[in-house]
file input_3.tsv (TSV, C-alpha atoms (C1' of nucleotides))
chain	number	residue	atom	x	y	z
Z	1	MET	CA	-4.16	5.27	-0.60
Z	2	SER	CA	-3.51	1.85	0.54
Z	3	THR	CA	-6.54	0.65	2.15
Z	4	SER	CA	-6.26	-2.77	3.75
Z	5	SER	CA	-9.07	-5.07	4.74
Z	6	ARG	CA	-7.94	-5.26	8.35
Z	7	PHE	CA	-10.70	-3.02	9.60
Z	8	ALA	CA	-13.39	-4.91	7.70
Z	9	VAL	CA	-12.12	-8.23	8.98
Z	10	ALA	CA	-11.90	-6.96	12.55
Z	11	VAL	CA	-15.48	-5.73	12.46
Z	12	HIS	CA	-16.53	-9.06	11.04
Z	13	VAL	CA	-14.74	-10.92	13.83
Z	14	LEU	CA	-16.26	-8.86	16.63
Z	15	THR	CA	-19.67	-9.10	15.02
Z	16	LEU	CA	-19.38	-12.85	15.06
Z	17	MET	CA	-18.58	-12.74	18.76
Z	18	ALA	CA	-21.49	-10.46	19.50
Z	19	TRP	CA	-23.68	-12.84	17.54
Z	20	ALA	CA	-22.34	-15.75	19.56
Z	21	GLU	CA	-22.97	-13.87	22.79
Z	22	ASP	CA	-20.79	-15.11	25.61
Z	23	GLU	CA	-19.71	-18.33	24.03
Z	24	PRO	CA	-15.97	-18.42	23.18
Z	25	LEU	CA	-15.25	-18.86	19.48
Z	26	LYS	CA	-12.27	-20.78	18.15
Z	27	SER	CA	-9.99	-19.02	15.71
Z	28	GLU	CA	-10.56	-21.87	13.29
Z	29	HIS	CA	-14.29	-21.22	13.19
Z	30	VAL	CA	-13.89	-17.48	12.89
Z	31	ALA	CA	-11.45	-18.03	10.05
Z	32	GLU	CA	-14.01	-20.11	8.21
Z	33	SER	CA	-16.60	-17.37	8.42
Z	34	VAL	CA	-14.13	-14.71	7.32
Z	35	ASN	CA	-12.71	-17.06	4.70
Z	36	THR	CA	-9.08	-16.80	5.64
Z	37	ASN	CA	-6.40	-18.59	7.63
Z	38	ALA	CA	-6.77	-19.15	11.37
Z	39	VAL	CA	-3.35	-17.64	12.05
Z	40	VAL	CA	-4.41	-14.40	10.40
Z	41	ILE	CA	-7.35	-14.34	12.79
Z	42	ARG	CA	-5.26	-15.15	15.82
Z	43	ARG	CA	-2.83	-12.36	14.96
Z	44	MET	CA	-5.71	-9.95	14.78
Z	45	LEU	CA	-7.24	-11.31	18.00
Z	46	CYS	CA	-3.99	-10.53	19.77
Z	47	GLU	CA	-4.22	-6.91	18.68
Z	48	LEU	CA	-7.86	-6.77	19.71
Z	49	ALA	CA	-6.97	-8.29	23.06
Z	50	GLU	CA	-4.24	-5.71	23.62
Z	51	SER	CA	-6.87	-3.04	23.11
Z	52	LYS	CA	-9.10	-4.86	25.58
Z	53	LEU	CA	-11.84	-5.54	23.06
Z	54	VAL	CA	-11.71	-9.32	23.32
Z	55	VAL	CA	-10.47	-11.88	25.81
Z	56	SER	CA	-8.97	-15.17	24.75
Z	57	GLN	CA	-8.40	-18.39	26.59
Z	58	SER	CA	-5.83	-21.01	25.71
Z	59	GLY	CA	-6.24	-24.73	25.91
Z	60	ALA	CA	-9.00	-27.16	25.25
Z	61	MET	CA	-12.44	-25.57	25.17
Z	62	GLY	CA	-10.66	-22.22	24.78
Z	63	GLY	CA	-11.48	-19.47	22.35
Z	64	SER	CA	-12.19	-15.75	22.25
Z	65	LYS	CA	-15.17	-13.59	23.15
Z	66	LEU	CA	-15.97	-9.93	23.57
Z	67	ALA	CA	-14.41	-8.24	26.57
Z	68	ARG	CA	-17.49	-6.09	27.08
Z	69	GLU	CA	-21.02	-5.67	25.83
Z	70	PRO	CA	-21.51	-5.09	22.07
Z	71	GLU	CA	-23.06	-1.70	22.73
Z	72	GLN	CA	-19.87	-0.70	24.56
Z	73	ILE	CA	-17.62	-1.35	21.57
Z	74	THR	CA	-17.56	1.26	18.81
Z	75	LEU	CA	-16.10	0.92	15.36
Z	76	LEU	CA	-13.65	3.61	16.39
Z	77	ASP	CA	-12.32	1.30	19.09
Z	78	ILE	CA	-11.80	-1.34	16.44
Z	79	TYR	CA	-10.26	1.07	13.97
Z	80	GLN	CA	-7.75	2.28	16.51
Z	81	ALA	CA	-6.94	-1.27	17.52
Z	82	VAL	CA	-6.08	-2.57	14.07
Z	83	GLU	CA	-5.23	0.40	11.83
Z	84	SER	CA	-2.09	2.03	13.08
Z	85	ARG	CA	-1.75	4.92	10.62
Z	86	GLY	CA	-4.14	7.66	9.63
Z	87	VAL	CA	-6.10	7.84	6.42
Z	88	PHE	CA	-3.42	9.71	4.45
Z	89	SER	CA	0.34	10.03	4.73
Z	90	LEU	CA	2.72	12.87	4.14
Z	91	HIS	CA	5.59	12.73	1.67
Z	92	ARG	CA	7.89	9.73	1.81
Z	93	HIS	CA	10.85	12.07	1.88
Z	94	PRO	CA	10.49	15.53	3.41
Z	95	PRO	CA	10.04	18.30	0.81
Z	96	ASN	CA	12.75	20.73	-0.17
Z	97	ARG	CA	13.37	23.13	2.68
Z	98	HIS	CA	14.75	25.76	0.35
Z	99	CYS	CA	11.42	26.15	-1.42
Z	100	PRO	CA	8.89	28.43	0.27
Z	101	VAL	CA	6.10	26.03	-0.56
Z	102	GLY	CA	8.05	22.89	0.31
Z	103	VAL	CA	9.10	24.20	3.68
Z	104	ASN	CA	5.57	25.21	4.68
Z	105	ILE	CA	3.33	22.63	3.09
Z	106	GLY	CA	3.94	20.07	5.84
Z	107	PRO	CA	2.07	21.81	8.66
Z	108	VAL	CA	-0.76	22.78	6.34
Z	109	LEU	CA	-1.14	19.23	5.09
Z	110	ASN	CA	-1.07	17.98	8.64
Z	111	GLN	CA	-3.94	20.27	9.51
Z	112	VAL	CA	-5.91	18.86	6.61
Z	113	LEU	CA	-5.10	15.26	7.41
Z	114	ASP	CA	-6.13	15.87	11.01
Z	115	GLU	CA	-9.46	17.26	9.87
Z	116	VAL	CA	-9.97	14.16	7.73
Z	117	ASP	CA	-9.01	11.78	10.51
Z	118	THR	CA	-11.31	13.57	12.91
Z	119	ALA	CA	-14.22	13.29	10.49
Z	120	VAL	CA	-13.59	9.58	10.06
Z	121	GLU	CA	-13.35	9.05	13.78
Z	122	ARG	CA	-16.57	10.94	14.38
Z	123	VAL	CA	-18.42	8.58	12.08
Z	124	LEU	CA	-16.89	5.45	13.56
Z	125	ALA	CA	-17.43	6.57	17.13
Z	126	ASN	CA	-21.17	6.64	16.55
Z	127	ILE	CA	-21.53	3.04	15.43
Z	128	THR	CA	-21.31	0.17	17.88
Z	129	ILE	CA	-20.99	-3.54	17.28
Z	130	LYS	CA	-24.52	-3.83	18.55
Z	131	ASP	CA	-25.61	-1.51	15.75
Z	132	VAL	CA	-23.83	-3.69	13.24
Z	133	VAL	CA	-25.56	-6.78	14.58
Z	134	SER	CA	-28.88	-4.94	14.37
Z	135	ARG	CA	-28.30	-3.93	10.77
Z	136	LEU	CA	-27.58	-7.59	10.13
Z	137	GLN	CA	-30.84	-8.69	11.63
Z	138	PRO	CA	-33.37	-7.78	8.94
Z	139	CYS	CA	-31.81	-10.36	6.68
Z	140	VAL	CA	-31.54	-13.16	9.20
Z	141	SER	CA	-34.11	-12.07	11.75
Z	142	THR	CA	-35.57	-15.30	13.05
Z	143	ALA	CA	-32.82	-17.37	11.50
Z	144	ALA	CA	-30.69	-18.33	14.46
Z	145	PRO	CA	-32.49	-18.53	17.79
Z	146	LYS	CA	-29.43	-19.20	19.91
Z	147	ARG	CA	-29.71	-22.32	22.00
Z	148	LYS	CA	-26.96	-24.74	22.76
Z	149	GLN	CA	-23.30	-24.59	21.87
Z	150	VAL	CA	-23.21	-27.37	19.32
Z	151	ARG	CA	-26.23	-26.02	17.54
Z	152	LYS	CA	-24.71	-22.55	17.49
Z	153	GLU	CA	-21.50	-23.61	15.84
Z	154	GLN	CA	-23.36	-25.47	13.18
Z	155	VAL	CA	-25.27	-22.34	12.43
Z	156	LEU	CA	-22.24	-20.13	12.53
Z	157	VAL	CA	-20.32	-22.11	9.96
Z	158	ALA	CA	-22.69	-24.46	8.31
Z	159	GLY	CA	-20.26	-25.05	5.48
Z	160	ASN	CA	-18.56	-27.82	7.38
G	1	MET	CA	-4.96	0.84	5.99
G	2	SER	CA	-2.60	1.61	3.28
G	3	THR	CA	-2.24	5.21	3.09
G	4	SER	CA	0.04	6.43	0.33
G	5	SER	CA	1.57	9.85	-0.05
G	6	ARG	CA	0.01	10.42	-3.46
G	7	PHE	CA	-2.62	12.79	-2.15
G	8	ALA	CA	-0.09	14.82	-0.16
G	9	VAL	CA	2.21	15.07	-3.15
G	10	ALA	CA	-0.60	16.06	-5.49
G	11	VAL	CA	-1.71	18.84	-3.15
G	12	HIS	CA	1.87	19.99	-2.93
G	13	VAL	CA	2.18	20.08	-6.72
G	14	LEU	CA	-0.99	22.06	-7.28
G	15	THR	CA	-0.08	24.42	-4.48
G	16	LEU	CA	3.20	25.13	-6.22
G	17	MET	CA	1.33	25.95	-9.39
G	18	ALA	CA	-1.08	28.23	-7.61
G	19	TRP	CA	1.90	29.91	-6.03
G	20	ALA	CA	3.51	30.34	-9.44
G	21	GLU	CA	0.30	31.77	-10.83
G	22	ASP	CA	0.05	31.35	-14.58
G	23	GLU	CA	3.65	30.55	-15.24
G	24	PRO	CA	4.21	26.94	-16.43
G	25	LEU	CA	6.40	24.88	-14.11
G	26	LYS	CA	8.77	22.22	-15.35
G	27	SER	CA	8.46	18.75	-13.86
G	28	GLU	CA	12.11	18.94	-12.90
G	29	HIS	CA	11.52	21.98	-10.73
G	30	VAL	CA	8.40	20.57	-9.16
G	31	ALA	CA	10.29	17.38	-8.38
G	32	GLU	CA	12.97	19.36	-6.59
G	33	SER	CA	10.42	21.03	-4.37
G	34	VAL	CA	8.65	17.75	-3.62
G	35	ASN	CA	12.01	16.00	-3.24
G	36	THR	CA	11.37	13.14	-5.62
G	37	ASN	CA	12.03	12.11	-9.20
G	38	ALA	CA	10.73	14.13	-12.15
G	39	VAL	CA	9.12	11.06	-13.71
G	40	VAL	CA	7.08	10.48	-10.58
G	41	ILE	CA	5.81	14.02	-10.93
G	42	ARG	CA	5.10	13.69	-14.64
G	43	ARG	CA	3.11	10.52	-14.01
G	44	MET	CA	1.04	12.34	-11.46
G	45	LEU	CA	0.64	15.36	-13.74
G	46	CYS	CA	-0.84	13.07	-16.38
G	47	GLU	CA	-3.50	11.91	-13.92
G	48	LEU	CA	-4.18	15.48	-12.87
G	49	ALA	CA	-4.46	16.50	-16.51
G	50	GLU	CA	-6.93	13.70	-17.20
G	51	SER	CA	-9.06	15.13	-14.42
G	52	LYS	CA	-8.71	18.56	-15.99
G	53	LEU	CA	-6.94	20.06	-13.01
G	54	VAL	CA	-3.76	21.00	-14.84
G	55	VAL	CA	-2.71	21.61	-18.42
G	56	SER	CA	0.73	20.69	-19.70
G	57	GLN	CA	2.66	21.77	-22.73
G	58	SER	CA	5.42	19.82	-24.38
G	59	GLY	CA	8.56	21.18	-25.89
G	60	ALA	CA	10.96	23.94	-25.06
G	61	MET	CA	9.57	26.51	-22.64
G	62	GLY	CA	6.85	23.98	-21.82
G	63	GLY	CA	5.59	22.96	-18.40
G	64	SER	CA	2.38	22.59	-16.44
G	65	LYS	CA	0.02	25.03	-14.80
G	66	LEU	CA	-3.41	24.98	-13.20
G	67	ALA	CA	-6.30	24.44	-15.58
G	68	ARG	CA	-8.51	26.82	-13.58
G	69	GLU	CA	-8.33	29.26	-10.73
G	70	PRO	CA	-7.01	27.98	-7.35
G	71	GLU	CA	-10.34	28.76	-5.69
G	72	GLN	CA	-12.05	26.49	-8.24
G	73	ILE	CA	-9.99	23.44	-7.30
G	74	THR	CA	-10.93	21.58	-4.13
G	75	LEU	CA	-8.94	18.94	-2.32
G	76	LEU	CA	-11.77	16.57	-3.19
G	77	ASP	CA	-11.01	17.10	-6.89
G	78	ILE	CA	-7.40	16.19	-6.20
G	79	TYR	CA	-8.29	13.22	-4.02
G	80	GLN	CA	-10.54	11.79	-6.71
G	81	ALA	CA	-7.90	12.39	-9.35
G	82	VAL	CA	-5.08	10.51	-7.66
G	83	GLU	CA	-6.61	8.11	-5.12
G	84	SER	CA	-8.59	5.46	-6.88
G	85	ARG	CA	-9.91	3.47	-3.95
G	86	GLY	CA	-11.89	4.46	-0.89
G	87	VAL	CA	-10.55	4.78	2.61
G	88	PHE	CA	-11.19	1.17	3.62
G	89	SER	CA	-11.56	-2.08	1.72
G	90	LEU	CA	-13.73	-5.09	2.23
G	91	HIS	CA	-12.37	-8.60	2.69
G	92	ARG	CA	-9.76	-9.79	0.23
G	93	HIS	CA	-11.79	-12.96	-0.30
G	94	PRO	CA	-15.58	-12.86	0.13
G	95	PRO	CA	-16.75	-14.22	3.50
G	96	ASN	CA	-18.33	-17.61	3.97
G	97	ARG	CA	-21.82	-17.56	2.48
G	98	HIS	CA	-22.93	-20.39	4.70
G	99	CYS	CA	-22.48	-18.29	7.82
G	100	PRO	CA	-25.34	-15.94	8.71
G	101	VAL	CA	-22.88	-13.25	9.70
G	102	GLY	CA	-20.55	-13.82	6.77
G	103	VAL	CA	-23.31	-13.66	4.22
G	104	ASN	CA	-24.75	-10.42	5.59
G	105	ILE	CA	-21.75	-8.48	6.79
G	106	GLY	CA	-20.83	-7.23	3.31
G	107	PRO	CA	-23.76	-4.85	2.79
G	108	VAL	CA	-23.54	-3.60	6.36
G	109	LEU	CA	-19.83	-2.90	6.01
G	110	ASN	CA	-20.44	-1.17	2.70
G	111	GLN	CA	-22.92	1.13	4.41
G	112	VAL	CA	-20.30	2.01	7.00
G	113	LEU	CA	-17.52	2.50	4.47
G	114	ASP	CA	-19.80	4.74	2.45
G	115	GLU	CA	-20.52	6.85	5.51
G	116	VAL	CA	-16.78	7.17	6.11
G	117	ASP	CA	-16.01	8.06	2.51
G	118	THR	CA	-18.78	10.63	2.51
G	119	ALA	CA	-17.41	12.23	5.66
G	120	VAL	CA	-13.95	12.41	4.15
G	121	GLU	CA	-15.25	13.89	0.93
G	122	ARG	CA	-17.26	16.49	2.81
G	123	VAL	CA	-14.11	17.73	4.51
G	124	LEU	CA	-12.04	17.77	1.34
G	125	ALA	CA	-14.76	19.47	-0.70
G	126	ASN	CA	-14.61	22.46	1.60
G	127	ILE	CA	-10.93	23.19	1.15
G	128	THR	CA	-9.59	24.73	-2.05
G	129	ILE	CA	-6.06	25.13	-3.30
G	130	LYS	CA	-6.47	28.83	-2.67
G	131	ASP	CA	-7.18	28.01	0.99
G	132	VAL	CA	-4.01	25.95	1.14
G	133	VAL	CA	-1.98	28.79	-0.31
G	134	SER	CA	-3.56	31.14	2.21
G	135	ARG	CA	-2.69	28.89	5.11
G	136	LEU	CA	0.84	28.90	3.73
G	137	GLN	CA	1.02	32.66	3.68
G	138	PRO	CA	1.50	33.52	7.35
G	139	CYS	CA	4.89	31.84	7.25
G	140	VAL	CA	6.13	33.31	3.99
G	141	SER	CA	3.90	36.36	3.70
G	142	THR	CA	6.08	38.92	2.00
G	143	ALA	CA	8.70	36.40	1.06
G	144	ALA	CA	8.23	36.02	-2.66
G	145	PRO	CA	6.83	39.01	-4.49
G	146	LYS	CA	6.48	37.42	-7.91
G	147	ARG	CA	8.23	39.30	-10.66
G	148	LYS	CA	10.01	37.75	-13.55
G	149	GLN	CA	10.28	34.12	-14.50
G	150	VAL	CA	13.94	33.62	-13.76
G	151	ARG	CA	13.62	35.24	-10.39
G	152	LYS	CA	10.59	33.13	-9.58
G	153	GLU	CA	12.30	29.84	-10.26
G	154	GLN	CA	15.20	30.80	-8.10
G	155	VAL	CA	12.78	31.48	-5.31
G	156	LEU	CA	10.80	28.33	-5.88
G	157	VAL	CA	13.78	26.05	-5.64
G	158	ALA	CA	16.59	27.97	-4.12
G	159	GLY	CA	18.46	24.79	-3.32
G	160	ASN	CA	20.01	24.69	-6.76
Q	1	DG	C1'	16.27	22.87	-40.96
Q	2	DG	C1'	18.38	21.64	-36.87
Q	3	DC	C1'	19.32	22.03	-32.04
Q	4	DA	C1'	18.03	22.12	-27.29
Q	5	DA	C1'	14.50	21.79	-23.88
Q	6	DC	C1'	10.55	19.90	-22.55
Q	7	DT	C1'	6.57	16.15	-21.82
Q	8	DG	C1'	4.72	11.42	-22.08
Q	9	DT	C1'	5.57	6.78	-21.31
Q	10	DA	C1'	7.63	2.12	-21.18
Q	11	DA	C1'	10.39	-0.95	-18.65
Q	12	DC	C1'	12.70	-2.20	-14.94
Q	13	DT	C1'	14.10	-2.35	-9.94
Q	14	DA	C1'	13.57	-1.53	-4.96
Q	15	DT	C1'	10.87	-1.43	-0.89
Q	16	DA	C1'	7.00	-1.94	2.17
Q	17	DT	C1'	2.68	-3.84	3.57
Q	18	DT	C1'	-0.61	-7.27	3.75
Q	19	DG	C1'	-2.04	-11.76	3.76
Q	20	DG	C1'	-1.32	-16.81	3.66
Q	21	DT	C1'	1.14	-20.96	5.34
Q	22	DT	C1'	3.69	-24.24	8.20
Q	23	DA	C1'	5.47	-25.25	12.41
Q	24	DC	C1'	5.78	-25.51	17.15
Q	25	DA	C1'	5.90	-24.15	22.23
Q	26	DG	C1'	2.87	-23.48	25.96
Q	27	DA	C1'	-1.79	-23.49	28.31
Q	28	DC	C1'	-5.56	-26.03	29.86
Q	29	DG	C1'	-9.70	-29.17	30.41
Q	30	DA	C1'	-11.04	-33.86	30.94
X	1	DT	C1'	-1.10	-37.37	30.12
X	2	DC	C1'	-3.48	-36.57	26.06
X	3	DG	C1'	-5.97	-33.86	22.83
X	4	DT	C1'	-7.38	-29.22	21.88
X	5	DC	C1'	-6.67	-24.73	21.83
X	6	DT	C1'	-3.86	-20.00	21.65
X	7	DG	C1'	0.36	-17.30	20.77
X	8	DT	C1'	4.06	-16.55	17.84
X	9	DA	C1'	8.05	-17.10	14.83
X	10	DA	C1'	9.61	-17.73	10.28
X	11	DC	C1'	8.77	-17.90	5.91
X	12	DC	C1'	6.64	-17.01	1.04
X	13	DA	C1'	3.46	-14.67	-2.27
X	14	DA	C1'	1.02	-10.84	-4.01
X	15	DT	C1'	0.37	-6.07	-4.49
X	16	DA	C1'	1.20	-1.10	-4.43
X	17	DT	C1'	4.16	2.68	-4.37
X	18	DA	C1'	8.15	4.88	-5.57
X	19	DG	C1'	12.53	5.57	-7.91
X	20	DT	C1'	15.39	5.16	-12.11
X	21	DT	C1'	16.98	4.98	-16.95
X	22	DA	C1'	15.86	5.49	-21.47
X	23	DC	C1'	13.75	7.26	-25.35
X	24	DA	C1'	10.11	8.91	-28.73
X	25	DG	C1'	7.55	12.95	-29.75
X	26	DT	C1'	6.66	18.06	-29.35
X	27	DT	C1'	7.90	22.73	-29.47
X	28	DG	C1'	10.47	27.23	-29.40
X	29	DC	C1'	14.30	29.48	-31.16
X	30	DC	C1'	18.51	30.29	-33.85
call {"tool": "encode", "arguments": {"input": "input_3.tsv", "output": "structure tokens"}}
result
Amino acid sequence: MSTSSRFAVAVHVLTLMAWAEDEPLKSEHVAESVNTNAVVIRRMLCELAESKLVVSQSGAMGGSKLAREPEQITLLDIYQAVESRGVFSLHRHPPNRHCPVGVNIGPVLNQVLDEVDTAVERVLANITIKDVVSRLQPCVSTAAPKRKQVRKEQVLVAGN
Amino acid sequence: MSTSSRFAVAVHVLTLMAWAEDEPLKSEHVAESVNTNAVVIRRMLCELAESKLVVSQSGAMGGSKLAREPEQITLLDIYQAVESRGVFSLHRHPPNRHCPVGVNIGPVLNQVLDEVDTAVERVLANITIKDVVSRLQPCVSTAAPKRKQVRKEQVLVAGN
DNA sequence: GGCAACTGTAACTATATTGGTTACAGACGA
DNA sequence: TCGTCTGTAACCAATATAGTTACAGTTGCC
């Protein structure tokens, strides 16, 4: 299969925003945390905004933040926002319709792929961004008592 | 994600062999049913043979057949034989280690991806090739009463 | 032995997807 | 109006899959 990192990056991005609470993050800062280019992040933010998971503001002092509370955003929401296709695909070219297996394998495979997709979705639906932030906590527990904006950004990306 | 059709094709191939029972199928015939090139099929058959799901024989009258009974081959076996990577991937480049989220998101994401992979594997482990053939049956029930080899191949790929 | 029919595999090309980069128009706060 | 952002187009690079030709090696059969 062709797994991309889009889902992982999207979860990372929304986790950053949950971590930052209501403060808008600039794509440049998010990109530094994710370790990629700011345009890659902005492209993804557009998709996340279309799915109403984040809201962005242009202009000076702009940036992006969560559109709703972290506990109201599941990983399934994120998955559906950034991964268009299912886990598996059918044949590139349709099978031979003159073969009794070829002509019937499609529906059967679709049943199976649906079962797989459903299982994946069931797992993702039960994990929220708040859960992800919580699982992060044990390692950084008292590390970043959020205070003022400037302080926060230094903490978020201390590498600069 | 990057879903390929390798899994779908592999299931198709093994289903053909279960359908053909113990008679060895030529890559050329399998390719016609799948509607692709025979070399693509032979490459896949090599992977399936490495995983001990099929056995192939060279030379005249050669071909490939299942290495064990259809009810002893699960879709998980096939998935593991032809799909190297998991459903999702982590970041292409590791996140920023100076960011409290970036440095901790990896293990959390790995937990999630493991849960997803496990869910997928649980579904696939419960479906055998025999099940797939059975699900095929309703559409072709009495269609191909297997008799002699020549007759069988005509039925398998009637398009030629 | 020699031929014909297979598999296994290398080498190459084509195509698609993802990710990275530069560039720039438009929005917006101060 | 100026500087700082987002949104987006237009590329390029890297990678994975798939398709194709070609051919060496194996095997059954005459």
call {"tool": "interface_residues", "arguments": {"input": "input_3.tsv", "of": "chain Z", "to": "chain Q", "cutoff": "7 Å", "atoms": "all atoms listed in the file", "output": "MDAnalysis selection string"}}
result
chainID Z and resid 37 58:61
call {"tool": "closest_residue", "arguments": {"input": "input_3.tsv", "among": "Z:Cys99, Z:Ala10, Z:Leu25, Z:Leu136", "to": "chain X", "atoms": "all atoms listed in the file"}}
result
Z:Leu25
call {"tool": "closest_residue", "arguments": {"input": "input_3.tsv", "among": "Z:Gln72, Z:Gln57, Z:Ser27, Z:Asn110", "to": "chain G", "atoms": "all atoms listed in the file"}}
result
Z:Asn110
call {"tool": "closest_atom_pairs", "arguments": {"input": "input_3.tsv", "of": "chain X", "to": "chain G", "cutoff": "8 Å", "atoms": "only C-alpha atoms (C1' of nucleotides)", "output": "tab-separated table"}}
result
residue	atom	partner	partner_atom	distance
X:DT17	C1'	G:Ser4	CA	7.3
X:DA18	C1'	G:Val40	CA	7.6
X:DG19	C1'	G:Asn37	CA	6.7
X:DT26	C1'	G:Gly59	CA	5.0
X:DT27	C1'	G:Gly59	CA	4.0
X:DG28	C1'	G:Ala60	CA	5.5
call {"tool": "atom_distance", "arguments": {"input": "input_3.tsv", "atom1": "CA of Ile78 in chain Z", "atom2": "C1' of DT15 in chain X"}}
result
24.7 Å
call {"tool": "interface_residues", "arguments": {"input": "input_3.tsv", "of": "chain Z", "to": "chain G", "cutoff": "7 Å", "atoms": "only C-alpha atoms", "output": "PDB file with C-alpha atoms, in the frame of the given file"}}
result
ATOM      1  CA  MET Z   1      -4.160   5.270  -0.600  1.00  0.00           C
ATOM      2  CA  SER Z   2      -3.510   1.850   0.540  1.00  0.00           C
ATOM      3  CA  THR Z   3      -6.540   0.650   2.150  1.00  0.00           C
ATOM      4  CA  SER Z   4      -6.260  -2.770   3.750  1.00  0.00           C
ATOM      5  CA  SER Z   5      -9.070  -5.070   4.740  1.00  0.00           C
ATOM      6  CA  ALA Z   8     -13.390  -4.910   7.700  1.00  0.00           C
ATOM      7  CA  VAL Z   9     -12.120  -8.230   8.980  1.00  0.00           C
ATOM      8  CA  HIS Z  12     -16.530  -9.060  11.040  1.00  0.00           C
ATOM      9  CA  LEU Z  16     -19.380 -12.850  15.060  1.00  0.00           C
ATOM     10  CA  GLU Z  32     -14.010 -20.110   8.210  1.00  0.00           C
ATOM     11  CA  SER Z  33     -16.600 -17.370   8.420  1.00  0.00           C
ATOM     12  CA  VAL Z  34     -14.130 -14.710   7.320  1.00  0.00           C
ATOM     13  CA  ASN Z  35     -12.710 -17.060   4.700  1.00  0.00           C
ATOM     14  CA  GLU Z  83      -5.230   0.400  11.830  1.00  0.00           C
ATOM     15  CA  ARG Z  85      -1.750   4.920  10.620  1.00  0.00           C
ATOM     16  CA  VAL Z  87      -6.100   7.840   6.420  1.00  0.00           C
ATOM     17  CA  PHE Z  88      -3.420   9.710   4.450  1.00  0.00           C
ATOM     18  CA  SER Z  89       0.340  10.030   4.730  1.00  0.00           C
ATOM     19  CA  LEU Z  90       2.720  12.870   4.140  1.00  0.00           C
ATOM     20  CA  HIS Z  91       5.590  12.730   1.670  1.00  0.00           C
ATOM     21  CA  ARG Z  92       7.890   9.730   1.810  1.00  0.00           C
ATOM     22  CA  HIS Z  93      10.850  12.070   1.880  1.00  0.00           C
ATOM     23  CA  PRO Z  94      10.490  15.530   3.410  1.00  0.00           C
ATOM     24  CA  PRO Z  95      10.040  18.300   0.810  1.00  0.00           C
ATOM     25  CA  ASN Z  96      12.750  20.730  -0.170  1.00  0.00           C
ATOM     26  CA  HIS Z  98      14.750  25.760   0.350  1.00  0.00           C
ATOM     27  CA  CYS Z  99      11.420  26.150  -1.420  1.00  0.00           C
ATOM     28  CA  PRO Z 100       8.890  28.430   0.270  1.00  0.00           C
ATOM     29  CA  VAL Z 101       6.100  26.030  -0.560  1.00  0.00           C
ATOM     30  CA  GLY Z 102       8.050  22.890   0.310  1.00  0.00           C
ATOM     31  CA  ASN Z 104       5.570  25.210   4.680  1.00  0.00           C
ATOM     32  CA  ILE Z 105       3.330  22.630   3.090  1.00  0.00           C
ATOM     33  CA  VAL Z 108      -0.760  22.780   6.340  1.00  0.00           C
ATOM     34  CA  LEU Z 109      -1.140  19.230   5.090  1.00  0.00           C
ATOM     35  CA  VAL Z 116      -9.970  14.160   7.730  1.00  0.00           C
ATOM     36  CA  ALA Z 119     -14.220  13.290  10.490  1.00  0.00           C
ATOM     37  CA  VAL Z 120     -13.590   9.580  10.060  1.00  0.00           C
ATOM     38  CA  VAL Z 123     -18.420   8.580  12.080  1.00  0.00           C
ATOM     39  CA  VAL Z 132     -23.830  -3.690  13.240  1.00  0.00           C
ATOM     40  CA  ARG Z 135     -28.300  -3.930  10.770  1.00  0.00           C
ATOM     41  CA  LEU Z 136     -27.580  -7.590  10.130  1.00  0.00           C
ATOM     42  CA  VAL Z 140     -31.540 -13.160   9.200  1.00  0.00           C
ATOM     43  CA  VAL Z 155     -25.270 -22.340  12.430  1.00  0.00           C
ATOM     44  CA  LEU Z 156     -22.240 -20.130  12.530  1.00  0.00           C
ATOM     45  CA  VAL Z 157     -20.320 -22.110   9.960  1.00  0.00           C
ATOM     46  CA  ALA Z 158     -22.690 -24.460   8.310  1.00  0.00           C
ATOM     47  CA  GLY Z 159     -20.260 -25.050   5.480  1.00  0.00           C
TER      48      GLY Z 159
END
call {"tool": "residues_around", "arguments": {"input": "input_3.tsv", "residues": "Glu71 in chain Z", "least_positions_apart": "4", "cutoff": "7 Å", "atoms": "all atoms listed in the file", "output": "ChimeraX atom specification"}}
result
/Z:128-130
call {"tool": "atom_distance", "arguments": {"input": "input_3.tsv", "atom1": "CA of Ser56 in chain Z", "atom2": "C1' of DT8 in chain X"}}
result
14.8 Å
call {"tool": "axis_aligned_box", "arguments": {"input": "input_3.tsv", "around": "range 6-13 of chain X", "padding_each_side": "6 Å", "output": "lines of an AutoDock Vina configuration file"}}
result
center_x = 2.9
center_y = -17.3
center_z = 9.7
size_x = 25.5
size_y = 17.3
size_z = 35.9
call {"tool": "atom_distance", "arguments": {"input": "input_3.tsv", "atom1": "CA of Ser51 in chain Z", "atom2": "CA of Pro70 in chain Z"}}
result
14.8 Å
